[in-house]
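Peer 1: My file is upload_10.pdb. It has PDB, C-alpha atoms, pLDDT in the B column:
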ATOM      1  CA  MET Z   1      -2.553 -12.135  17.130  1.00 46.00           C
ATOM      2  CA  ARG Z   2      -0.716 -15.031  15.459  1.00 45.00           C
ATOM      3  CA  PHE Z   3      -1.640 -13.561  12.074  1.00 46.00           C
ATOM      4  CA  TRP Z   4       0.038 -10.226  12.861  1.00 47.00           C
ATOM      5  CA  LEU Z   5       3.119 -11.927  14.320  1.00 42.00           C
ATOM      6  CA  ALA Z   6       3.429 -13.799  11.034  1.00 47.00           C
ATOM      7  CA  VAL Z   7       3.058 -10.505   9.153  1.00 47.00           C
ATOM      8  CA  VAL Z   8       5.883  -8.881  11.145  1.00 43.00           C
ATOM      9  CA  ALA Z   9       8.108 -11.906  10.557  1.00 45.00           C
ATOM     10  CA  ALA Z  10       7.356 -11.752   6.829  1.00 45.00           C
ATOM     11  CA  LEU Z  11       8.258  -8.058   6.736  1.00 46.00           C
ATOM     12  CA  MET Z  12      11.587  -8.714   8.449  1.00 43.00           C
ATOM     13  CA  LEU Z  13      12.362 -11.518   6.011  1.00 43.00           C
ATOM     14  CA  SER Z  14      11.426  -9.319   3.042  1.00 45.00           C
ATOM     15  CA  ALA Z  15      13.666  -6.561   4.354  1.00 44.00           C
ATOM     16  CA  SER Z  16      16.725  -8.824   4.588  1.00 41.00           C
ATOM     17  CA  VAL Z  17      16.164 -10.415   1.170  1.00 39.00           C
ATOM     18  CA  SER Z  18      15.495  -7.093  -0.564  1.00 42.00           C
ATOM     19  CA  SER Z  19      18.513  -5.396   1.022  1.00 41.00           C
ATOM     20  CA  ALA Z  20      20.822  -8.162  -0.123  1.00 39.00           C
ATOM     21  CA  ALA Z  21      19.402  -8.089  -3.650  1.00 40.00           C
ATOM     22  CA  GLU Z  22      19.472  -4.347  -4.292  1.00 43.00           C
ATOM     23  CA  GLY Z  23      22.323  -3.046  -2.152  1.00 43.00           C
ATOM     24  CA  VAL Z  24      22.579   0.511  -0.879  1.00 41.00           C
ATOM     25  CA  ASP Z  25      20.509   3.206  -2.585  1.00 44.00           C
ATOM     26  CA  SER Z  26      22.152   6.341  -3.918  1.00 41.00           C
ATOM     27  CA  SER Z  27      21.510   9.554  -1.982  1.00 42.00           C
ATOM     28  CA  SER Z  28      20.779  11.471  -5.194  1.00 45.00           C
ATOM     29  CA  ALA Z  29      17.505   9.566  -5.684  1.00 45.00           C
ATOM     30  CA  GLU Z  30      16.476  10.445  -2.138  1.00 46.00           C
ATOM     31  CA  ALA Z  31      16.966  14.141  -2.801  1.00 44.00           C
ATOM     32  CA  ALA Z  32      14.635  14.353  -5.802  1.00 48.00           C
ATOM     33  CA  SER Z  33      11.969  17.003  -5.279  1.00 56.00           C
ATOM     34  CA  LYS Z  34       9.355  15.265  -7.419  1.00 62.00           C
ATOM     35  CA  PRO Z  35       8.869  11.639  -8.506  1.00 66.00           C
ATOM     36  CA  ASP Z  36       9.292  10.874 -12.186  1.00 70.00           C
ATOM     37  CA  LYS Z  37       6.188   8.639 -11.970  1.00 77.00           C
ATOM     38  CA  PRO Z  38       3.900  10.180  -9.322  1.00 89.00           C
ATOM     39  CA  LEU Z  39       0.910   7.853  -9.785  1.00 92.00           C
ATOM     40  CA  HIS Z  40       0.515   4.955  -7.348  1.00 92.00           C
ATOM     41  CA  ALA Z  41      -2.087   2.370  -6.296  1.00 94.00           C
ATOM     42  CA  TRP Z  42      -2.613  -0.126  -3.483  1.00 94.00           C
ATOM     43  CA  LEU Z  43      -4.633  -3.000  -2.036  1.00 96.00           C
ATOM     44  CA  LEU Z  44      -5.200  -3.330   1.712  1.00 95.00           C
ATOM     45  CA  ILE Z  45      -6.655  -6.028   3.966  1.00 96.00           C
ATOM     46  CA  GLY Z  46      -7.065  -5.866   7.711  1.00 95.00           C
ATOM     47  CA  ASP Z  47      -8.749  -6.724  10.989  1.00 93.00           C
ATOM     48  CA  PHE Z  48     -11.555  -4.347  11.988  1.00 88.00           C
ATOM     49  CA  THR Z  49     -12.521  -3.809  15.633  1.00 83.00           C
ATOM     50  CA  ALA Z  50     -15.754  -1.841  16.031  1.00 76.00           C
ATOM     51  CA  THR Z  51     -16.664   0.301  19.035  1.00 70.00           C
ATOM     52  CA  PRO Z  52     -20.480   0.813  19.038  1.00 68.00           C
ATOM     53  CA  ASP Z  53     -21.961   3.393  21.372  1.00 66.00           C
ATOM     54  CA  GLY Z  54     -25.687   2.673  20.930  1.00 61.00           C
ATOM     55  CA  SER Z  55     -27.980   1.133  23.526  1.00 61.00           C
ATOM     56  CA  ARG Z  56     -28.734  -1.923  21.328  1.00 64.00           C
ATOM     57  CA  LEU Z  57     -25.503  -2.580  19.406  1.00 68.00           C
ATOM     58  CA  ARG Z  58     -23.590  -3.073  22.624  1.00 65.00           C
ATOM     59  CA  ARG Z  59     -20.508  -5.116  21.889  1.00 63.00           C
ATOM     60  CA  SER Z  60     -18.460  -6.090  18.851  1.00 67.00           C
ATOM     61  CA  ASP Z  61     -17.330  -9.613  18.003  1.00 66.00           C
ATOM     62  CA  GLY Z  62     -14.813  -8.237  15.501  1.00 74.00           C
ATOM     63  CA  GLY Z  63     -14.706  -8.056  11.736  1.00 87.00           C
ATOM     64  CA  TYR Z  64     -12.502  -7.420   8.743  1.00 92.00           C
ATOM     65  CA  GLY Z  65     -12.121  -5.013   5.843  1.00 93.00           C
ATOM     66  CA  TRP Z  66     -10.367  -4.446   2.541  1.00 95.00           C
ATOM     67  CA  GLY Z  67      -9.811  -1.534   0.201  1.00 96.00           C
ATOM     68  CA  LEU Z  68      -8.498  -0.421  -3.181  1.00 96.00           C
ATOM     69  CA  GLY Z  69      -7.043   2.988  -3.878  1.00 96.00           C
ATOM     70  CA  GLY Z  70      -4.898   5.220  -6.023  1.00 95.00           C
ATOM     71  CA  GLY Z  71      -3.143   8.531  -5.629  1.00 95.00           C
ATOM     72  CA  TYR Z  72      -0.825  11.183  -6.984  1.00 95.00           C
ATOM     73  CA  PHE Z  73       2.321  12.647  -5.390  1.00 93.00           C
ATOM     74  CA  LEU Z  74       2.234  16.456  -5.495  1.00 92.00           C
ATOM     75  CA  ASN Z  75       5.824  16.548  -4.232  1.00 91.00           C
ATOM     76  CA  GLN Z  76       8.300  14.357  -2.363  1.00 88.00           C
ATOM     77  CA  HIS Z  77       6.157  14.195   0.793  1.00 92.00           C
ATOM     78  CA  LEU Z  78       2.531  15.049   0.013  1.00 94.00           C
ATOM     79  CA  SER Z  79       0.079  12.926  -1.962  1.00 95.00           C
ATOM     80  CA  LEU Z  80      -3.649  13.106  -2.639  1.00 97.00           C
ATOM     81  CA  GLU Z  81      -5.474   9.775  -2.708  1.00 97.00           C
ATOM     82  CA  GLY Z  82      -8.868   8.259  -3.452  1.00 97.00           C
ATOM     83  CA  GLU Z  83      -9.949   4.979  -1.874  1.00 97.00           C
ATOM     84  CA  PHE Z  84     -12.752   2.435  -1.985  1.00 97.00           C
ATOM     85  CA  LEU Z  85     -13.245   0.756   1.417  1.00 95.00           C
ATOM     86  CA  TRP Z  86     -15.467  -2.182   2.430  1.00 95.00           C
ATOM     87  CA  PHE Z  87     -15.732  -3.705   5.896  1.00 91.00           C
ATOM     88  CA  ARG Z  88     -18.067  -5.696   8.126  1.00 88.00           C
ATOM     89  CA  ARG Z  89     -18.567  -6.028  11.883  1.00 85.00           C
ATOM     90  CA  GLU Z  90     -20.574  -8.451  14.013  1.00 81.00           C
ATOM     91  CA  TYR Z  91     -22.296  -7.400  17.233  1.00 77.00           C
ATOM     92  CA  GLU Z  92     -23.618  -9.280  20.215  1.00 71.00           C
ATOM     93  CA  ARG Z  93     -26.247  -7.703  22.465  1.00 61.00           C
ATOM     94  CA  VAL Z  94     -27.031  -8.666  26.022  1.00 50.00           C
ATOM     95  CA  ALA Z  95     -29.498 -11.563  26.365  1.00 49.00           C
ATOM     96  CA  ASP Z  96     -32.473  -9.420  27.378  1.00 51.00           C
ATOM     97  CA  ASP Z  97     -32.079  -7.168  24.319  1.00 53.00           C
ATOM     98  CA  VAL Z  98     -32.892  -9.681  21.592  1.00 54.00           C
ATOM     99  CA  ILE Z  99     -34.890  -8.124  18.757  1.00 55.00           C
ATOM    100  CA  PRO Z 100     -38.347  -9.791  18.578  1.00 55.00           C
ATOM    101  CA  GLY Z 101     -38.647 -12.289  15.725  1.00 52.00           C
ATOM    102  CA  THR Z 102     -34.929 -13.016  15.439  1.00 52.00           C
ATOM    103  CA  ALA Z 103     -33.156 -16.272  16.239  1.00 49.00           C
ATOM    104  CA  ASP Z 104     -30.607 -14.836  18.678  1.00 57.00           C
ATOM    105  CA  ASN Z 105     -28.956 -11.597  19.693  1.00 67.00           C
ATOM    106  CA  ARG Z 106     -26.405 -11.269  16.889  1.00 73.00           C
ATOM    107  CA  SER Z 107     -26.309  -8.518  14.269  1.00 78.00           C
ATOM    108  CA  ARG Z 108     -23.982  -7.781  11.368  1.00 82.00           C
ATOM    109  CA  ALA Z 109     -23.231  -4.389   9.840  1.00 85.00           C
ATOM    110  CA  LEU Z 110     -21.800  -3.998   6.333  1.00 89.00           C
ATOM    111  CA  SER Z 111     -20.362  -0.715   5.090  1.00 92.00           C
ATOM    112  CA  LEU Z 112     -18.819   0.416   1.843  1.00 94.00           C
ATOM    113  CA  GLY Z 113     -17.747   3.862   0.820  1.00 95.00           C
ATOM    114  CA  LEU Z 114     -15.370   6.218  -0.946  1.00 97.00           C
ATOM    115  CA  LEU Z 115     -12.694   8.269   0.812  1.00 97.00           C
ATOM    116  CA  ALA Z 116     -10.631  11.280  -0.280  1.00 98.00           C
ATOM    117  CA  ASN Z 117      -7.359  11.384   1.689  1.00 98.00           C
ATOM    118  CA  ALA Z 118      -4.330  13.630   2.078  1.00 98.00           C
ATOM    119  CA  ARG Z 119      -1.153  11.757   3.054  1.00 97.00           C
ATOM    120  CA  PHE Z 120       2.157  13.120   4.346  1.00 97.00           C
ATOM    121  CA  SER Z 121       5.195  10.830   4.391  1.00 94.00           C
ATOM    122  CA  HIS Z 122       8.973  11.021   4.649  1.00 93.00           C
ATOM    123  CA  ARG Z 123      11.542   8.480   3.525  1.00 89.00           C
ATOM    124  CA  PHE Z 124      14.251   7.127   5.821  1.00 89.00           C
ATOM    125  CA  SER Z 125      16.325   4.730   3.700  1.00 86.00           C
ATOM    126  CA  ARG Z 126      13.827   1.994   2.706  1.00 89.00           C
ATOM    127  CA  TRP Z 127      11.236   2.987   5.324  1.00 93.00           C
ATOM    128  CA  ARG Z 128       8.597   5.635   4.756  1.00 93.00           C
ATOM    129  CA  PRO Z 129       6.455   6.515   7.832  1.00 96.00           C
ATOM    130  CA  PHE Z 130       3.251   8.427   7.126  1.00 97.00           C
ATOM    131  CA  VAL Z 131       0.179  10.127   8.543  1.00 98.00           C
ATOM    132  CA  SER Z 132      -3.077  10.374   6.601  1.00 97.00           C
ATOM    133  CA  ALA Z 133      -6.483  11.974   7.070  1.00 98.00           C
ATOM    134  CA  GLY Z 134      -9.583  12.054   4.900  1.00 97.00           C
ATOM    135  CA  VAL Z 135     -13.348  12.307   4.539  1.00 97.00           C
ATOM    136  CA  GLY Z 136     -15.816  10.127   2.680  1.00 96.00           C
ATOM    137  CA  TRP Z 137     -19.342   8.896   2.110  1.00 96.00           C
ATOM    138  CA  PHE Z 138     -20.525   5.448   3.199  1.00 95.00           C
ATOM    139  CA  ASP Z 139     -23.563   3.242   2.765  1.00 92.00           C
ATOM    140  CA  SER Z 140     -24.157   0.947   5.766  1.00 89.00           C
ATOM    141  CA  GLU Z 141     -26.564  -1.980   6.071  1.00 87.00           C
ATOM    142  CA  LEU Z 142     -27.706  -3.868   9.166  1.00 83.00           C
ATOM    143  CA  LEU Z 143     -28.451  -7.611   9.094  1.00 82.00           C
ATOM    144  CA  THR Z 144     -29.767  -9.915  11.798  1.00 75.00           C
ATOM    145  CA  THR Z 145     -30.356 -13.651  12.027  1.00 69.00           C
ATOM    146  CA  ASP Z 146     -33.426 -15.285  10.498  1.00 64.00           C
ATOM    147  CA  PRO Z 147     -35.549 -17.140  13.129  1.00 60.00           C
ATOM    148  CA  GLU Z 148     -35.875 -20.242  10.929  1.00 62.00           C
ATOM    149  CA  SER Z 149     -32.593 -20.622   9.056  1.00 58.00           C
ATOM    150  CA  GLY Z 150     -30.302 -18.874  11.549  1.00 59.00           C
ATOM    151  CA  LEU Z 151     -28.640 -17.051   8.632  1.00 61.00           C
ATOM    152  CA  PHE Z 152     -28.091 -13.308   8.520  1.00 66.00           C
ATOM    153  CA  THR Z 153     -30.819 -11.455   6.645  1.00 64.00           C
ATOM    154  CA  ASP Z 154     -31.970  -7.893   5.987  1.00 65.00           C
ATOM    155  CA  VAL Z 155     -33.824  -6.430   8.980  1.00 61.00           C
ATOM    156  CA  GLY Z 156     -36.199  -4.427   6.805  1.00 59.00           C
ATOM    157  CA  ASP Z 157     -36.939  -0.707   6.914  1.00 58.00           C
ATOM    158  CA  PRO Z 158     -34.721   1.050   7.798  1.00 57.00           C
ATOM    159  CA  SER Z 159     -32.082  -1.540   6.896  1.00 62.00           C
ATOM    160  CA  SER Z 160     -29.495   0.840   5.462  1.00 68.00           C
ATOM    161  CA  GLU Z 161     -28.367   4.413   5.655  1.00 76.00           C
ATOM    162  CA  SER Z 162     -25.901   6.653   3.836  1.00 85.00           C
ATOM    163  CA  SER Z 163     -23.769   8.969   5.920  1.00 88.00           C
ATOM    164  CA  ALA Z 164     -20.480  10.867   5.993  1.00 93.00           C
ATOM    165  CA  GLY Z 165     -17.398   9.519   7.733  1.00 94.00           C
ATOM    166  CA  TYR Z 166     -13.791  10.497   8.267  1.00 95.00           C
ATOM    167  CA  GLN Z 167     -10.545   8.727   9.065  1.00 96.00           C
ATOM    168  CA  PHE Z 168      -7.073   9.210  10.540  1.00 97.00           C
ATOM    169  CA  SER Z 169      -4.208   6.785   9.799  1.00 97.00           C
ATOM    170  CA  VAL Z 170      -0.575   6.261  10.802  1.00 97.00           C
ATOM    171  CA  GLY Z 171       1.937   3.631   9.756  1.00 97.00           C
ATOM    172  CA  ALA Z 172       5.007   2.942   7.643  1.00 96.00           C
ATOM    173  CA  SER Z 173       5.790   1.325   4.315  1.00 94.00           C
ATOM    174  CA  PHE Z 174       8.914  -0.632   3.375  1.00 94.00           C
ATOM    175  CA  ARG Z 175      10.316  -0.561  -0.158  1.00 91.00           C
ATOM    176  CA  LEU Z 176      10.831  -4.049  -1.554  1.00 91.00           C
ATOM    177  CA  ARG Z 177      11.785  -2.934  -5.051  1.00 82.00           C
ATOM    178  CA  ARG Z 178      12.118   0.448  -6.706  1.00 79.00           C
ATOM    179  CA  ARG Z 179       8.359   0.971  -7.003  1.00 82.00           C
ATOM    180  CA  SER Z 180       6.827  -1.759  -4.868  1.00 91.00           C
ATOM    181  CA  HIS Z 181       6.149  -1.411  -1.144  1.00 93.00           C
ATOM    182  CA  VAL Z 182       4.569  -3.325   1.701  1.00 96.00           C
ATOM    183  CA  GLU Z 183       2.841  -1.262   4.371  1.00 97.00           C
ATOM    184  CA  LEU Z 184       1.608  -1.820   7.911  1.00 97.00           C
ATOM    185  CA  GLY Z 185      -0.815   0.764   9.299  1.00 97.00           C
ATOM    186  CA  TRP Z 186      -3.473   1.619  11.850  1.00 97.00           C
ATOM    187  CA  ARG Z 187      -6.625   3.546  10.977  1.00 96.00           C
ATOM    188  CA  ARG Z 188      -9.349   5.076  13.137  1.00 95.00           C
ATOM    189  CA  LEU Z 189     -12.605   5.439  11.231  1.00 93.00           C
ATOM    190  CA  PHE Z 190     -15.464   7.594  12.517  1.00 92.00           C
ATOM    191  CA  LEU Z 191     -18.839   6.656  11.056  1.00 91.00           C
ATOM    192  CA  GLU Z 192     -22.379   6.885  12.436  1.00 86.00           C
ATOM    193  CA  ALA Z 193     -25.667   5.444  11.192  1.00 84.00           C
ATOM    194  CA  ASP Z 194     -29.266   5.299  12.398  1.00 81.00           C
ATOM    195  CA  PHE Z 195     -31.185   2.030  11.913  1.00 78.00           C
ATOM    196  CA  GLY Z 196     -34.241   3.153  13.830  1.00 74.00           C
ATOM    197  CA  PRO Z 197     -35.402   0.693  16.551  1.00 72.00           C
ATOM    198  CA  TYR Z 198     -32.633  -1.751  15.609  1.00 71.00           C
ATOM    199  CA  SER Z 199     -29.944   0.659  16.809  1.00 72.00           C
ATOM    200  CA  ASN Z 200     -32.146   2.937  18.927  1.00 72.00           C
ATOM    201  CA  GLY Z 201     -30.902   6.063  17.141  1.00 73.00           C
ATOM    202  CA  GLU Z 202     -27.460   7.084  15.972  1.00 78.00           C
ATOM    203  CA  THR Z 203     -24.705   4.600  16.760  1.00 79.00           C
ATOM    204  CA  GLU Z 204     -20.981   4.630  16.004  1.00 81.00           C
ATOM    205  CA  LEU Z 205     -20.189   2.015  13.342  1.00 83.00           C
ATOM    206  CA  GLY Z 206     -16.571   3.062  12.911  1.00 85.00           C
ATOM    207  CA  GLY Z 207     -13.627   1.585  14.753  1.00 87.00           C
ATOM    208  CA  ASP Z 208      -9.973   0.561  14.517  1.00 91.00           C
ATOM    209  CA  LEU Z 209      -8.548  -1.074  11.408  1.00 93.00           C
ATOM    210  CA  LEU Z 210      -5.115  -2.719  11.641  1.00 95.00           C
ATOM    211  CA  TYR Z 211      -4.121  -3.461   8.062  1.00 96.00           C
ATOM    212  CA  LEU Z 212      -1.484  -4.710   5.670  1.00 97.00           C
ATOM    213  CA  ALA Z 213      -1.224  -3.037   2.254  1.00 97.00           C
ATOM    214  CA  PHE Z 214       0.719  -3.639  -0.951  1.00 95.00           C
ATOM    215  CA  ARG Z 215       1.553  -0.452  -2.859  1.00 93.00           C
ATOM    216  CA  GLY Z 216       2.933   0.048  -6.338  1.00 92.00           C
ATOM    217  CA  GLY Z 217       4.212   3.144  -8.158  1.00 85.00           C
ATOM    218  CA  GLY Z 218       5.164   6.573  -6.856  1.00 75.00           C
ATOM    219  CA  TYR Z 219       8.398   6.821  -4.898  1.00 67.00           C
TER
END
Please lay out the structure from this file as structure tokens.
Peer 2:
Amino acid sequence: MRFWLAVVAALMLSASVSSAAEGVDSSSAEAASKPDKPLHAWLLIGDFTATPDGSRLRRSDGGYGWGLGGGYFLNQHLSLEGEFLWFRREYERVADDVIPGTADNRSRALSLGLLANARFSHRFSRWRPFVSAGVGWFDSELLTTDPESGLFTDVGDPSSESSAGYQFSVGASFRLRRRSHVELGWRRLFLEADFGPYSNGETELGGDLLYLAFRGGGY
């Protein structure tokens, strides 16, 4: 929580400094139907909260994620984007559900994948709220603790699975300079995987990602 309070404070400070440095934008630039440089890219980092629904992966201890992406503005509001996303979550099962041969009841899931997104946004002065939706393909791996070292290790077959996922995002970006933006957003990712006896069938590995992104290019 302190981290996100610091983020909000940093955004407010950036807004005041940038406004003083650049002054008021002209309305003619706002009215342009297409950007002169439609390509853009970004880096995001965030806090990932998983919501498992399996009978073994009961409860999440939290996690984090990061991503890289790029896109192209088709017009003033609509852009098509591609994104690489990586995230991890840690789970804690109830005490009587410890997997035999492991040191304790913790597990860790790692996922990486590619997403294709469509994003709609609209500019209000320096702010640009948006909604985004997309589909992708992910490879997920399950780790558990080694009984001797206590470190996370591969659980064996089946330790990983590839599966489709999809996402929905909302948020807003703030323009610091002409083509540089800072963005705060929330994403809901839907992703399932089956790790056999370790997850007791299909379980939801997706969850909520609250993230901060730095974007360059485009509007």
Peer 1: For the structure shown, which residues end up in the PyMOL selection byres ((chain Z and resi 109-119) around 8)? Put them as a ChimeraX atom specification, please?
Peer 2: /Z:78-90,107-108,120-121,130-143,166,205
Peer 1: Pick from Z:Gly201, Z:Gly207, Z:Gly70, Z:Gly165: nearest to His40 (chain Z), with all atoms listed in the file counted?
Peer 2: Z:Gly70
Peer 1: For this file, the PyMOL selection byres ((chain Z and resi 214) around 7) selects which residues, as a ChimeraX atom specification?
Peer 2: /Z:42-44,181-183,213,215-216
Peer 1: Take the selection from the previous step and output its residues with C-alpha atoms, as a tab-separated table (two decimals), in the coordinates of the input.
Peer 2:
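Result written to result.tsv:
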chain	number	residue	atom	x	y	z
Z	42	TRP	CA	-2.61	-0.13	-3.48
Z	43	LEU	CA	-4.63	-3.00	-2.04
Z	44	LEU	CA	-5.20	-3.33	1.71
Z	181	HIS	CA	6.15	-1.41	-1.14
Z	182	VAL	CA	4.57	-3.32	1.70
Z	183	GLU	CA	2.84	-1.26	4.37
Z	213	ALA	CA	-1.22	-3.04	2.25
Z	215	ARG	CA	1.55	-0.45	-2.86
Z	216	GLY	CA	2.93	0.05	-6.34
Peer 1: Could you tell me which of Z:Ser163, Z:Asn200, Z:Gln76, Z:Thr49 comes closest to Gly63 (chain Z) if we count all atoms listed in the file?
Peer 2: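 Once distances to Gly63 (chain Z) are computed over all atoms listed in the file, the minimum belongs to Z:Thr49.
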Peer 1: Counting all atoms listed in the file, which residue out of Z:Leu209, Z:Arg128, Z:Ser180, Z:Arg106 sits closest to Gln167 (chain Z)?
Peer 2: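 Under the stated criterion, the closest residue is Z:Leu209.
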Peer 1: Of the candidates Z:Phe195, Z:Tyr211, Z:Trp127, Z:Phe190, which one gets nearest to Ser173 (chain Z) if we count all atoms listed in the file?
Peer 2: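 Of the candidates, the smallest distance to Ser173 (chain Z) is held by Z:Trp127.
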Peer 1: So what does the PyMOL selection byres ((chain Z and resi 206) around 8) actually pick up in this one, as an mmCIF file with C-alpha atoms, keeping the file's coordinate frame?
Peer 2:
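Writing done, so here's result00.cif:
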data_model
loop_
_atom_site.group_PDB
_atom_site.id
_atom_site.type_symbol
_atom_site.label_atom_id
_atom_site.label_comp_id
_atom_site.auth_asym_id
_atom_site.auth_seq_id
_atom_site.Cartn_x
_atom_site.Cartn_y
_atom_site.Cartn_z
ATOM 1 C CA ALA Z 50 -15.754 -1.841 16.031
ATOM 2 C CA THR Z 51 -16.664 0.301 19.035
ATOM 3 C CA PRO Z 52 -20.480 0.813 19.038
ATOM 4 C CA ARG Z 188 -9.349 5.076 13.137
ATOM 5 C CA LEU Z 189 -12.605 5.439 11.231
ATOM 6 C CA PHE Z 190 -15.464 7.594 12.517
ATOM 7 C CA LEU Z 191 -18.839 6.656 11.056
ATOM 8 C CA GLU Z 192 -22.379 6.885 12.436
ATOM 9 C CA GLU Z 204 -20.981 4.630 16.004
ATOM 10 C CA LEU Z 205 -20.189 2.015 13.342
ATOM 11 C CA GLY Z 207 -13.627 1.585 14.753
ATOM 12 C CA ASP Z 208 -9.973 0.561 14.517
#
Peer 1: What is the distance between CA of Phe174 (chain Z) and CA of Arg126 (chain Z), in Å to one decimal?
Peer 2: 5.6 Å
Peer 1: Work out how far apart CA of Leu212 (chain Z) and CA of Gly46 (chain Z) are and give it in Å to one decimal.
Peer 2: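 Those two atoms sit 6.1 Å apart.
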Peer 1: Which residue, Z:Tyr91, Z:Asp36, Z:Ala164, Z:Asp47, has the smallest gap to Phe73 (chain Z) when you use only C-alpha atoms?
Peer 2: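 Of the candidates, the smallest distance to Phe73 (chain Z) is held by Z:Asp36.
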Peer 1: With distances taken over all atoms listed in the file, which residue among Z:His77, Z:His122, Z:Lys37, Z:Arg187 lies nearest Phe168 (chain Z)?
Peer 2: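 Closest residue, counting all atoms listed in the file: Z:Arg187.
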Peer 1: Can you measure CA of Ser162 (chain Z) to CA of Ala193 (chain Z) for me? One decimal in Å is fine.
Peer 2: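 About the pair CA of Ser162 (chain Z) and CA of Ala193 (chain Z): they are 7.5 Å apart.
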